[in-house]
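Visitor: Supplied in C-alpha cells, the structure appears directly below.
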Amino acid sequence: MNVCLSPCPIVFDLDGTLIDSAPDIHACVNTVLGQHQTPLLTLDQVRSFIGGGVDVLWQKVIAARELPDDRKPDYIEAFMLCYQNATQMTRLFPGVTETLELLAARGHPLGICTNKPHAVTRIILEHFGIARLFGCVIGGDSVPERKPHPAPLRAALAELGADPQRPKAFYVGDSEFDAACAGAVPVPFLIFTQGYRQAPLSDLPHLASFDHFADLPALVELQAAA
Ligand SMILES: O=C(O)COP(=O)(O)O
C-alpha cells in the first residue's frame with residue numbers, strides 16, 4: 001500500500017460517516033410508500049439500505065415491499081422531490097466540524113466521495129457550514145460509476161492532486177461499499193465504527209478504525225508516519 005506523506009489528501013464518505021442522514025432518508029422513503037398505499041419501513045430497515053446510492057436504495061425498498069420493479073423511476077423521482085429537504089433531521093456526527101477544520105489547518109487537502117447525488121450533497125454540506133473545507137465533491141452522478149467501483153474515488157483523488165494510480169492519501173468511510181472501493185483503488189482505508197456498516201468490522205478490510213471523530217487527526221498522523 002502507498003505511504004501517505006503528511007499532509008496528504010483525505011477523502012471522506014458522507015452518509016454514515018460525516019452525517020447521520022438515515023432519519024430524513026427514512027422519512028422520504030415512507031412518504032413515497034404512503035403515496036402508493038404500501039406498508040411503511042422501519043428506520044433500521046432503511047438505514048441498512050443506505051450506502052449504494054439512490055438506485056440501490058430503491059432496489060432494496062422494492063425487494064422488501066415486493067413492489068413492481070418497472071415503477072422504480074417513478075419512486076426515485078418522488079423520493080428526490082421529497083429529499084430536496086434533506087436536512088430536517090440529519091445531523092453531523094459529534095466532532096466532525098472541529099476535526100475537519102483541524103485537518104484542513106494542518107494542510108491536508110480534503111474531499112468528498114459519496115454515492116449520494118451531487119446536488120443534494122452540496123445542499124447538505126452548505127447547510128452544515130462545511131462545504132468551504134472541501135477541495136472536491138464527487139457525488140453518485142459525478143462520474144458514470146458508483147462505489148464500490150474505484151472510479152469515483154480515483155476522480156476525487158485526482159482533483160485533490162494525488163496520483164490516481166498510486167495515491168498517497170486516505171479514504172475515510174463507514175460501509176462495505178467504502179471498504180471495497182478503497183481496496184479497488186487501492187488507497188488506505190480508515191473506518192468509522194459508528195456508521196451504517198452491516199457486516200462485522202473484522203469482515204471489512206481497513207488500515208485502522210476509530211469510534212470518535214476527535215480521534216481521527218492523531219490516527220492520521222500515526223498512520224502517515226508508519
Ligand atoms: O447511499 C447513499 O445515498 C450515499 O451513501 P454514501 O454517502 O455512504 O456513499
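Letters A, B, ... go to the chains of the C-alpha cells in the order shown; residues in each chain start at 1; ligands are counted from 1 in the same order.
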So which residues are near ligand 1, meaning at most 9 Å away with only C-alpha atoms and all ligand atoms counted, given back as an NGL selection string?
Guide: :A and (12-19 or 21 or 25 or 49-57 or 112-117 or 121 or 139-140 or 146-147 or 173-175 or 177-178 or 195-196)
Visitor: Print the selection's residues with N, CA and C atoms to a file, as a compact mmCIF listing (two decimals), in the first residue's frame.
Guide:
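Ended up saving to result.txt:
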# COMPACT_ATOMS: atom_id res chain seq x y z
N PHE A 12 -13.44 11.79 2.22
CA PHE A 12 -14.45 11.29 3.15
C PHE A 12 -15.70 10.83 2.40
N ASP A 13 -16.26 9.73 2.89
CA ASP A 13 -17.62 9.34 2.55
C ASP A 13 -18.57 10.31 3.28
N LEU A 14 -19.84 10.33 2.91
CA LEU A 14 -20.78 11.27 3.56
C LEU A 14 -21.75 10.54 4.50
N ASP A 15 -22.69 9.77 3.93
CA ASP A 15 -23.74 9.15 4.76
C ASP A 15 -23.17 8.08 5.68
N GLY A 16 -23.46 8.20 6.96
CA GLY A 16 -22.96 7.22 7.92
C GLY A 16 -21.52 7.48 8.33
N THR A 17 -20.89 8.50 7.72
CA THR A 17 -19.51 8.85 8.08
C THR A 17 -19.47 10.27 8.66
N LEU A 18 -19.79 11.27 7.84
CA LEU A 18 -19.83 12.64 8.37
C LEU A 18 -21.21 12.97 8.91
N ILE A 19 -22.25 12.42 8.27
CA ILE A 19 -23.63 12.76 8.68
C ILE A 19 -24.45 11.52 8.99
N SER A 21 -27.75 10.64 8.28
CA SER A 21 -28.80 11.09 7.35
C SER A 21 -29.99 10.14 7.31
N ILE A 25 -33.79 10.23 5.13
CA ILE A 25 -33.96 9.26 4.03
C ILE A 25 -35.15 8.35 4.35
N PHE A 49 -30.25 -0.03 4.14
CA PHE A 49 -30.29 0.06 2.67
C PHE A 49 -29.40 1.18 2.13
N ILE A 50 -28.80 2.01 3.01
CA ILE A 50 -28.04 3.19 2.59
C ILE A 50 -26.59 2.81 2.28
N GLY A 51 -26.01 3.49 1.32
CA GLY A 51 -24.58 3.32 1.03
C GLY A 51 -24.30 3.11 -0.45
N GLY A 52 -25.27 2.54 -1.17
CA GLY A 52 -25.04 2.26 -2.59
C GLY A 52 -25.58 3.31 -3.52
N GLY A 53 -26.21 4.37 -2.94
CA GLY A 53 -26.83 5.40 -3.77
C GLY A 53 -28.33 5.18 -3.88
N VAL A 54 -28.99 6.13 -4.56
CA VAL A 54 -30.46 6.15 -4.61
C VAL A 54 -31.02 4.93 -5.34
N ASP A 55 -30.37 4.54 -6.43
CA ASP A 55 -30.87 3.41 -7.22
C ASP A 55 -30.83 2.12 -6.39
N VAL A 56 -29.72 1.90 -5.70
CA VAL A 56 -29.58 0.69 -4.86
C VAL A 56 -30.57 0.75 -3.70
N LEU A 57 -30.73 1.94 -3.11
CA LEU A 57 -31.72 2.11 -2.03
C LEU A 57 -33.09 1.63 -2.49
N ILE A 112 -14.74 14.91 -0.78
CA ILE A 112 -15.89 14.05 -0.52
C ILE A 112 -16.05 13.08 -1.68
N CYS A 113 -16.28 11.81 -1.37
CA CYS A 113 -16.66 10.82 -2.39
C CYS A 113 -17.84 10.04 -1.83
N THR A 114 -19.03 10.39 -2.30
CA THR A 114 -20.27 9.79 -1.82
C THR A 114 -21.07 9.24 -2.99
N ASN A 115 -21.93 8.26 -2.71
CA ASN A 115 -22.86 7.78 -3.74
C ASN A 115 -24.13 8.62 -3.78
N LYS A 116 -24.27 9.57 -2.87
CA LYS A 116 -25.44 10.46 -2.87
C LYS A 116 -25.33 11.42 -4.06
N PRO A 117 -26.46 11.75 -4.74
CA PRO A 117 -26.36 12.67 -5.87
C PRO A 117 -25.66 13.99 -5.49
N THR A 121 -25.94 16.62 -2.15
CA THR A 121 -24.73 16.59 -1.32
C THR A 121 -24.26 18.00 -1.02
N GLY A 139 -20.06 13.19 -6.31
CA GLY A 139 -21.33 12.57 -5.93
C GLY A 139 -21.59 11.33 -6.75
N GLY A 140 -22.74 10.69 -6.49
CA GLY A 140 -23.08 9.44 -7.16
C GLY A 140 -23.36 9.60 -8.64
N ARG A 146 -20.37 4.12 -9.70
CA ARG A 146 -20.54 4.42 -8.27
C ARG A 146 -19.76 3.40 -7.45
N LYS A 147 -19.38 3.83 -6.20
CA LYS A 147 -18.74 2.89 -5.27
C LYS A 147 -19.59 1.63 -5.16
N GLY A 173 -14.39 6.14 5.62
CA GLY A 173 -15.77 5.76 5.37
C GLY A 173 -16.29 4.82 6.42
N ASP A 174 -17.50 4.32 6.20
CA ASP A 174 -18.14 3.50 7.25
C ASP A 174 -18.65 2.16 6.75
N SER A 175 -18.68 1.93 5.43
CA SER A 175 -19.50 0.82 4.94
C SER A 175 -18.74 -0.17 4.07
N PHE A 177 -19.40 -0.67 1.01
CA PHE A 177 -19.16 -0.01 -0.28
C PHE A 177 -17.83 0.76 -0.23
N ASP A 178 -17.60 1.42 0.90
CA ASP A 178 -16.39 2.25 1.05
C ASP A 178 -15.13 1.38 1.14
N GLY A 195 -21.07 4.11 12.04
CA GLY A 195 -21.89 4.40 10.88
C GLY A 195 -22.87 3.29 10.54
N TYR A 196 -23.07 3.04 9.23
CA TYR A 196 -24.18 2.19 8.76
C TYR A 196 -23.74 0.80 8.30
Visitor: Within 8 Å of A:Leu190, counting only C-alpha atoms, which residues qualify if same-chain residues fewer than 6 places away don't, as a PyMOL selection string?
Guide: chain A and resi 170-173+206-210
Visitor: What does the distance between atom CA of A:Leu153 and atom CA of A:Leu81 come to in Å, to one decimal place?
Guide: 27.1 Å
Visitor: Choose the residue, out of A:Val11, A:Ala155, A:Ala214, A:Val96, that has the smallest atom-to-atom separation from A:Pro109; count only C-alpha atoms.
Guide: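 Ranked by minimum distance to A:Pro109, first place goes to A:Val11.
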Visitor: Run DSSP on the backbone of this structure and report the residues of stretch 157-214 of chain A it assigns to alpha helix (DSSP H), as a PyMOL selection string.
Guide: chain A and resi 157-159+176-184
Visitor: Which is closest to A:Leu67 among A:Gln198, A:Gln37, A:Thr97, A:Ser142, if we use only C-alpha atoms?
Guide: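 For A:Leu67, the nearest of the given residues is A:Gln37.
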